[in-house]
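S.K.: Sharing a structure with you now.
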Amino acid sequence: MKFTSVYYEPNILNYHLGQKLYNDYSDLPWYKIDNHNRIEEMTNKSNKEFANMKRYLIIGTRKTHKYVINHKISDYLVPFTSSGCTAMCLYCYLVCNYNKCSYLRLFVNREYMLDKLINTSYKYERQLTFEIGSNSDLILENTITQNLLYVIPEFANNGNGFITFPTKFDMVEPLLTLDHKGKTIFRMSVNPKNIIRKIELGTSSLEKRIVAANNMCEAGYPVGILIAPVILLDNWQKQYEELFDFLADSLTDKVKKQLSIEVIFMTYSYIHRAINNDAFPNALELYNPEMMTGRGRGKYCYRENIRIPAESFIRNQIKQKLPQAKIIYIS
Ligand code: SF4
């Protein structure tokens, strides 16, 4: 990823990772900021600059560390080492939280965050699963910070239960030889090729994502697939049929035997529409008033009469083409 400039909280230079990033990006202009959450220069920019803003790197420390109870794939959502991302998926859920400031922010106080995670993992009798990638894409982040090379073996040897994260990127090579003890659950997010190309801008291709999932499984990691988000474009049945055919043909038997699947239908919002219309005027329109309805606070989801048959279609595809897979939830 080619960044154009770095915005940083000065105290990051007291951290090992802060120093490393300072050296790695010493050829870029560095601008001091008071707080990564409030950079006035960024909030004053127009939506048109969204793609340019994704090329800024913001570095600070994470100050709030409140875990949120989760009832889907994990027990807790953990605020972790980054938020935001350099990619530009037109529906990105982070845009709802960060608006146009959904650029990549790195938090250098990783030792504190990992210690808290390990300590929390022993507070309960049963083994818990901690989602550490709900605010960013950790495979992408790892190419810059190498944080996963530190977190995965540390948690494997000192933590209790499991950590997990989803990704839309394929750069897993450095993870394959780590000592993970099966305690990191790797989840690859997939979508039809046409959606990846036209909507998930800046992410890895479907082919590369599947090779990455196969390799992670071969390296002993538990592997899941997310069909996320399901987007109902004009010929969606054909597109998703082809996706499931591709998964059936390209996932290895080893992946298929232990596979868990999550399915998430797209939520779109007023904020996405405003940014996408200004920043990507030629992109596909994801808002369809005939198929979508309001879901509170400027959000839209598919109407019941559209979504219910689409859900049974997806269930049937999984049953036919990936019969050994376990559907964890469809939401
Ligand atoms: S890869 Fe994930 S975090 Fe990055 S833009 Fe796409 S949806 Fe958002």
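Identifiers in the structure tokens: chain A, B, ... in order shown; residue index from 1 per chain; ligand index from 1 in order shown.
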At a cut-off of 7 Å and counting only C-alpha atoms and all ligand atoms, what residues surround ligand 1? Please answer as a ChimeraX atom specification.
M.R.: /A:84-89,91-94,135-137,167-168,200,203
S.K.: For the structure I just gave you, how does DSSP split segment 95-212 of chain A - specifically, which residues are strand (DSSP E)? Reply as a PDB file with N, CA and C atoms, in the first residue's frame.
M.R.:
ATOM      1  N   LEU A 104      -7.139   3.989   7.416  1.00  0.00           N
ATOM      2  CA  LEU A 104      -6.494   3.057   8.350  1.00  0.00           C
ATOM      3  C   LEU A 104      -5.859   3.808   9.530  1.00  0.00           C
ATOM      4  N   ARG A 105      -6.251   3.412  10.735  1.00  0.00           N
ATOM      5  CA  ARG A 105      -5.602   3.937  11.948  1.00  0.00           C
ATOM      6  C   ARG A 105      -4.919   2.779  12.655  1.00  0.00           C
ATOM      7  N   LEU A 106      -3.681   2.967  12.983  1.00  0.00           N
ATOM      8  CA  LEU A 106      -2.938   1.926  13.707  1.00  0.00           C
ATOM      9  C   LEU A 106      -2.752   2.373  15.148  1.00  0.00           C
ATOM     10  N   PHE A 107      -2.873   1.429  16.068  1.00  0.00           N
ATOM     11  CA  PHE A 107      -2.702   1.746  17.491  1.00  0.00           C
ATOM     12  C   PHE A 107      -1.471   0.998  17.991  1.00  0.00           C
ATOM     13  N   THR A 129     -14.482 -17.215  22.808  1.00  0.00           N
ATOM     14  CA  THR A 129     -13.906 -16.803  21.522  1.00  0.00           C
ATOM     15  C   THR A 129     -13.950 -15.281  21.448  1.00  0.00           C
ATOM     16  N   PHE A 130     -12.827 -14.693  21.102  1.00  0.00           N
ATOM     17  CA  PHE A 130     -12.705 -13.233  21.037  1.00  0.00           C
ATOM     18  C   PHE A 130     -12.519 -12.800  19.591  1.00  0.00           C
ATOM     19  N   GLU A 131     -13.440 -11.952  19.129  1.00  0.00           N
ATOM     20  CA  GLU A 131     -13.336 -11.397  17.763  1.00  0.00           C
ATOM     21  C   GLU A 131     -12.415 -10.181  17.826  1.00  0.00           C
ATOM     22  N   PHE A 162     -10.115 -18.930  22.221  1.00  0.00           N
ATOM     23  CA  PHE A 162      -9.804 -18.682  20.803  1.00  0.00           C
ATOM     24  C   PHE A 162      -9.844 -17.192  20.462  1.00  0.00           C
ATOM     25  N   ILE A 163      -9.038 -16.811  19.490  1.00  0.00           N
ATOM     26  CA  ILE A 163      -9.206 -15.509  18.855  1.00  0.00           C
ATOM     27  C   ILE A 163      -9.630 -15.753  17.417  1.00  0.00           C
ATOM     28  N   THR A 164     -10.312 -14.776  16.835  1.00  0.00           N
ATOM     29  CA  THR A 164     -10.764 -14.953  15.463  1.00  0.00           C
ATOM     30  C   THR A 164     -10.840 -13.606  14.759  1.00  0.00           C
ATOM     31  N   PHE A 165     -10.713 -13.637  13.439  1.00  0.00           N
ATOM     32  CA  PHE A 165     -10.879 -12.416  12.652  1.00  0.00           C
ATOM     33  C   PHE A 165     -11.258 -12.788  11.218  1.00  0.00           C
ATOM     34  N   PRO A 166     -12.038 -11.913  10.563  1.00  0.00           N
ATOM     35  CA  PRO A 166     -12.369 -12.125   9.146  1.00  0.00           C
ATOM     36  C   PRO A 166     -11.432 -11.312   8.270  1.00  0.00           C
ATOM     37  N   THR A 167     -11.355 -11.669   7.000  1.00  0.00           N
ATOM     38  CA  THR A 167     -10.532 -10.872   6.080  1.00  0.00           C
ATOM     39  C   THR A 167     -11.065 -10.955   4.658  1.00  0.00           C
ATOM     40  N   THR A 184      -6.401 -19.863  16.803  1.00  0.00           N
ATOM     41  CA  THR A 184      -6.813 -18.716  15.984  1.00  0.00           C
ATOM     42  C   THR A 184      -7.734 -19.234  14.889  1.00  0.00           C
ATOM     43  N   ILE A 185      -8.967 -18.745  14.880  1.00  0.00           N
ATOM     44  CA  ILE A 185      -9.929 -19.166  13.849  1.00  0.00           C
ATOM     45  C   ILE A 185      -9.888 -18.134  12.726  1.00  0.00           C
ATOM     46  N   PHE A 186      -9.527 -18.603  11.546  1.00  0.00           N
ATOM     47  CA  PHE A 186      -9.368 -17.725  10.386  1.00  0.00           C
ATOM     48  C   PHE A 186     -10.655 -17.753   9.565  1.00  0.00           C
ATOM     49  N   ARG A 187     -11.200 -16.581   9.241  1.00  0.00           N
ATOM     50  CA  ARG A 187     -12.462 -16.552   8.475  1.00  0.00           C
ATOM     51  C   ARG A 187     -12.290 -15.711   7.211  1.00  0.00           C
ATOM     52  N   MET A 188     -12.504 -16.354   6.065  1.00  0.00           N
ATOM     53  CA  MET A 188     -12.348 -15.649   4.791  1.00  0.00           C
ATOM     54  C   MET A 188     -13.714 -15.201   4.291  1.00  0.00           C
ATOM     55  N   SER A 189     -13.807 -13.927   3.965  1.00  0.00           N
ATOM     56  CA  SER A 189     -15.045 -13.354   3.455  1.00  0.00           C
ATOM     57  C   SER A 189     -15.039 -13.473   1.926  1.00  0.00           C
ATOM     58  N   VAL A 190     -16.134 -13.967   1.353  1.00  0.00           N
ATOM     59  CA  VAL A 190     -16.175 -14.143  -0.106  1.00  0.00           C
ATOM     60  C   VAL A 190     -17.453 -13.558  -0.685  1.00  0.00           C
ATOM     61  N   GLU A 200     -16.078  -4.313  -4.085  1.00  0.00           N
ATOM     62  CA  GLU A 200     -15.088  -4.451  -2.994  1.00  0.00           C
ATOM     63  C   GLU A 200     -13.750  -3.905  -3.493  1.00  0.00           C
ATOM     64  N   LEU A 201     -13.705  -2.608  -3.724  1.00  0.00           N
ATOM     65  CA  LEU A 201     -12.563  -1.980  -4.389  1.00  0.00           C
ATOM     66  C   LEU A 201     -11.316  -2.047  -3.510  1.00  0.00           C
TER      67      LEU A 201
END
S.K.: Hey, which of A:Gln146, A:Ser205, A:Gln237, A:Gln127 ends up closest to Lys20 of chain A? Count only C-alpha atoms.
M.R.: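 Using only C-alpha atoms, the shortest distance to Lys20 of chain A belongs to A:Gln146.
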S.K.: Could you list, as an MDAnalysis selection string, every residue within 9 Å of segment 216-230 of chain A, counting only C-alpha atoms and ignoring same-chain residues fewer than 3 positions away?
M.R.: chainID A and resid 91 166 172:173 175:178 180:191 211:213 240 252 254:255 258:267
S.K.: Taking the DSSP assignment computed from this structure's backbone, write out as a PyMOL selection string all residues of segment 79-264 of chain A that belong to helix (DSSP H, G or I).
M.R.: chain A and resi 94-101+110-121+138-145+147-158+173-175+193-198+206-218+236-250+253-258
S.K.: Give me a file of those residues, with C-alpha atoms, as a CSV table (one decimal), in the first residue's frame.
M.R.:
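Once written, part-v4.csv looks like this:
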chain,number,residue,atom,x,y,z
A,94,LEU,CA,-17.0,1.0,9.2
A,95,VAL,CA,-18.3,4.0,7.2
A,96,CYS,CA,-21.3,3.9,9.4
A,97,ASN,CA,-19.1,4.6,12.4
A,98,TYR,CA,-16.3,6.7,11.0
A,99,ASN,CA,-18.0,8.3,8.0
A,100,LYS,CA,-15.4,9.5,5.5
A,101,CYS,CA,-12.7,9.1,8.1
A,110,ARG,CA,-0.5,-3.5,21.3
A,111,GLU,CA,1.3,-5.0,24.4
A,112,TYR,CA,-1.5,-3.5,26.6
A,113,MET,CA,-4.2,-4.8,24.4
A,114,LEU,CA,-2.8,-8.3,24.2
A,115,ASP,CA,-2.2,-8.5,28.0
A,116,LYS,CA,-5.8,-7.4,28.6
A,117,LEU,CA,-7.0,-10.0,26.1
A,118,ILE,CA,-5.0,-12.8,27.7
A,119,ASN,CA,-6.1,-11.8,31.2
A,120,THR,CA,-9.7,-11.7,30.2
A,121,SER,CA,-9.5,-15.1,28.6
A,138,LEU,CA,-6.0,-7.6,10.3
A,139,ILE,CA,-4.5,-9.4,7.3
A,140,LEU,CA,-4.1,-6.1,5.6
A,141,GLU,CA,-2.9,-4.5,8.8
A,142,ASN,CA,-0.3,-7.2,9.3
A,143,THR,CA,1.5,-6.3,6.1
A,144,ILE,CA,2.3,-3.0,7.7
A,145,THR,CA,2.7,-3.8,11.4
A,147,ASN,CA,1.1,-7.6,14.6
A,148,LEU,CA,-0.4,-11.0,13.9
A,149,LEU,CA,3.1,-12.5,14.0
A,150,TYR,CA,3.3,-11.3,17.5
A,151,VAL,CA,-0.4,-11.8,18.6
A,152,ILE,CA,-1.1,-15.3,17.3
A,153,PRO,CA,1.9,-17.2,19.0
A,154,GLU,CA,1.5,-15.1,22.2
A,155,PHE,CA,-2.2,-16.0,22.5
A,156,ALA,CA,-1.5,-19.6,21.5
A,157,ASN,CA,1.0,-20.0,24.4
A,158,ASN,CA,-0.5,-17.8,27.1
A,173,GLU,CA,2.0,-16.4,3.8
A,174,PRO,CA,3.8,-15.2,7.0
A,175,LEU,CA,1.1,-16.8,9.2
A,193,LYS,CA,-16.3,-12.2,-8.7
A,194,ASN,CA,-18.4,-9.4,-10.2
A,195,ILE,CA,-19.1,-8.0,-6.8
A,196,ILE,CA,-15.5,-8.2,-5.7
A,197,ARG,CA,-14.4,-6.4,-8.9
A,198,LYS,CA,-17.0,-3.7,-8.9
A,206,LEU,CA,-11.8,-14.5,-5.1
A,207,GLU,CA,-9.2,-16.9,-6.5
A,208,LYS,CA,-6.5,-15.5,-4.2
A,209,ARG,CA,-8.8,-15.5,-1.2
A,210,ILE,CA,-9.6,-19.2,-1.7
A,211,VAL,CA,-6.0,-20.2,-2.1
A,212,ALA,CA,-5.3,-18.3,1.2
A,213,ALA,CA,-8.1,-20.2,3.0
A,214,ASN,CA,-6.9,-23.5,1.7
A,215,ASN,CA,-3.3,-22.7,2.8
A,216,MET,CA,-4.4,-21.6,6.3
A,217,CYS,CA,-6.4,-24.8,6.7
A,218,GLU,CA,-3.4,-26.9,5.6
A,236,TRP,CA,-28.0,-12.3,-8.1
A,237,GLN,CA,-29.2,-15.9,-8.3
A,238,LYS,CA,-26.8,-16.6,-11.2
A,239,GLN,CA,-23.9,-14.8,-9.5
A,240,TYR,CA,-24.3,-16.6,-6.1
A,241,GLU,CA,-24.8,-20.0,-7.9
A,242,GLU,CA,-21.5,-19.4,-9.6
A,243,LEU,CA,-19.9,-18.5,-6.4
A,244,PHE,CA,-21.0,-21.7,-4.7
A,245,ASP,CA,-19.9,-23.8,-7.7
A,246,PHE,CA,-16.5,-22.1,-7.4
A,247,LEU,CA,-16.3,-22.8,-3.7
A,248,ALA,CA,-17.2,-26.4,-4.2
A,249,ASP,CA,-14.6,-26.8,-6.9
A,250,SER,CA,-11.7,-24.9,-5.3
A,253,ASP,CA,-11.6,-31.5,1.1
A,254,LYS,CA,-9.8,-30.6,4.3
A,255,VAL,CA,-11.4,-27.2,4.4
A,256,LYS,CA,-14.8,-28.5,3.4
A,257,LYS,CA,-14.8,-31.1,6.2
A,258,GLN,CA,-14.4,-28.6,9.0
S.K.: Of the residues A:Asn23, A:Asn305, A:Asn44, A:Asn52, which is the one nearest to Phe3 of chain A, using only C-alpha atoms?
M.R.: A:Asn52
S.K.: For Arg307 of chain A, please output as a ChimeraX atom specification all residues within 12 Å (counting only C-alpha atoms; exclusion window: fewer than 3 positions along the same chain).
M.R.: /A:230-232,264-267,291-293,301-304,310-314,330-331
S.K.: What would the file look like if the residues just selected were written as a JSON list (two decimals), in the first residue's frame with C-alpha atoms?
M.R.:
[["chain", "number", "residue", "atom", "x", "y", "z"],
["A", 230, "VAL", "CA", -25.01, -10.79, 0.30],
["A", 231, "ILE", "CA", -25.90, -8.12, -2.28],
["A", 232, "LEU", "CA", -28.96, -8.66, -4.43],
["A", 264, "ILE", "CA", -24.77, -11.64, 6.33],
["A", 265, "PHE", "CA", -27.17, -9.70, 4.12],
["A", 266, "MET", "CA", -26.11, -6.18, 3.22],
["A", 267, "THR", "CA", -27.07, -3.20, 5.33],
["A", 291, "MET", "CA", -36.06, -4.06, -2.60],
["A", 292, "MET", "CA", -34.96, -2.17, 0.51],
["A", 293, "THR", "CA", -36.63, -0.64, 3.51],
["A", 301, "CYS", "CA", -31.92, -3.52, 4.57],
["A", 302, "TYR", "CA", -33.70, -5.87, 2.18],
["A", 303, "ARG", "CA", -37.49, -6.14, 2.63],
["A", 304, "GLU", "CA", -38.78, -9.35, 4.21],
["A", 310, "ALA", "CA", -33.00, -15.13, -0.92],
["A", 311, "GLU", "CA", -32.12, -16.74, 2.41],
["A", 312, "SER", "CA", -33.67, -20.09, 1.40],
["A", 313, "PHE", "CA", -31.84, -19.87, -1.93],
["A", 314, "ILE", "CA", -28.50, -19.48, -0.11],
["A", 330, "ILE", "CA", -27.70, -16.01, 8.63],
["A", 331, "SER", "CA", -28.34, -12.40, 9.54]]
S.K.: Which residues, written as a VMD selection string, have at least one atom at most 12 Å from Val68 of chain A, with only C-alpha atoms counted and residues fewer than 5 positions away on the same chain left out?
M.R.: chain A and resid 74 to 79 130 to 132 134
S.K.: Near Asn35 of chain A, within 12 Å and counting only C-alpha atoms, which residues show up once chain neighbours fewer than 3 positions away are dropped, as a list in words?
M.R.: Tyr7, Tyr8, Glu9, Pro10, Asn11, Ile12, Tyr31, Lys32, Arg38, Ile39, Glu40, Ile58, Ile59, Gly60, Thr61, Arg62, Lys63, Arg105 and Phe107 of chain A
S.K.: Nearest to His65 of chain A: which of A:Leu28, A:Leu21, A:Ala51, A:Phe80 is it, counting only C-alpha atoms?
M.R.: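 Distance minimum relative to His65 of chain A lands on A:Phe80.
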S.K.: Hey, what's within 9 Å of Met53 of chain A if we count only C-alpha atoms and toss same-chain stuff fewer than 2 positions away? As a ChimeraX atom specification, please?
M.R.: /A:42,45,49-51,55-57,100-103
S.K.: Can you spit out the residues from that selection as a PDB file, in the first residue's frame, using N, CA and C atoms?
M.R.:
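selection29.pdb, written as the output of this step:
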ATOM      1  N   MET A  42      -9.320  16.541   8.481  1.00  0.00           N
ATOM      2  CA  MET A  42      -9.982  15.416   7.791  1.00  0.00           C
ATOM      3  C   MET A  42     -11.493  15.615   7.764  1.00  0.00           C
ATOM      4  N   LYS A  45     -12.810  17.848   5.044  1.00  0.00           N
ATOM      5  CA  LYS A  45     -12.654  17.498   3.624  1.00  0.00           C
ATOM      6  C   LYS A  45     -14.006  17.106   3.025  1.00  0.00           C
ATOM      7  N   GLU A  49     -13.148  13.522  -1.713  1.00  0.00           N
ATOM      8  CA  GLU A  49     -11.747  13.181  -1.415  1.00  0.00           C
ATOM      9  C   GLU A  49     -11.590  11.823  -0.728  1.00  0.00           C
ATOM     10  N   PHE A  50     -12.702  11.099  -0.620  1.00  0.00           N
ATOM     11  CA  PHE A  50     -12.692   9.821   0.119  1.00  0.00           C
ATOM     12  C   PHE A  50     -11.540   8.903  -0.309  1.00  0.00           C
ATOM     13  N   ALA A  51     -11.375   8.698  -1.629  1.00  0.00           N
ATOM     14  CA  ALA A  51     -10.328   7.772  -2.096  1.00  0.00           C
ATOM     15  C   ALA A  51      -8.938   8.295  -1.745  1.00  0.00           C
ATOM     16  N   ARG A  55      -5.486   7.056   1.533  1.00  0.00           N
ATOM     17  CA  ARG A  55      -4.033   6.902   1.403  1.00  0.00           C
ATOM     18  C   ARG A  55      -3.276   7.628   2.517  1.00  0.00           C
ATOM     19  N   TYR A  56      -4.019   8.105   3.514  1.00  0.00           N
ATOM     20  CA  TYR A  56      -3.359   8.641   4.703  1.00  0.00           C
ATOM     21  C   TYR A  56      -3.220   7.518   5.716  1.00  0.00           C
ATOM     22  N   LEU A  57      -2.120   7.535   6.432  1.00  0.00           N
ATOM     23  CA  LEU A  57      -1.942   6.568   7.524  1.00  0.00           C
ATOM     24  C   LEU A  57      -2.003   7.351   8.835  1.00  0.00           C
ATOM     25  N   LYS A 100     -16.484   9.476   6.449  1.00  0.00           N
ATOM     26  CA  LYS A 100     -15.397   9.488   5.453  1.00  0.00           C
ATOM     27  C   LYS A 100     -14.027   9.267   6.090  1.00  0.00           C
ATOM     28  N   CYS A 101     -13.955   9.335   7.421  1.00  0.00           N
ATOM     29  CA  CYS A 101     -12.670   9.121   8.111  1.00  0.00           C
ATOM     30  C   CYS A 101     -12.436   7.635   8.398  1.00  0.00           C
ATOM     31  N   SER A 102     -12.802   6.768   7.455  1.00  0.00           N
ATOM     32  CA  SER A 102     -12.616   5.336   7.704  1.00  0.00           C
ATOM     33  C   SER A 102     -11.280   4.852   7.135  1.00  0.00           C
ATOM     34  N   TYR A 103     -10.322   5.766   7.066  1.00  0.00           N
ATOM     35  CA  TYR A 103      -8.957   5.398   6.669  1.00  0.00           C
ATOM     36  C   TYR A 103      -8.317   4.526   7.755  1.00  0.00           C
TER      37      TYR A 103
END
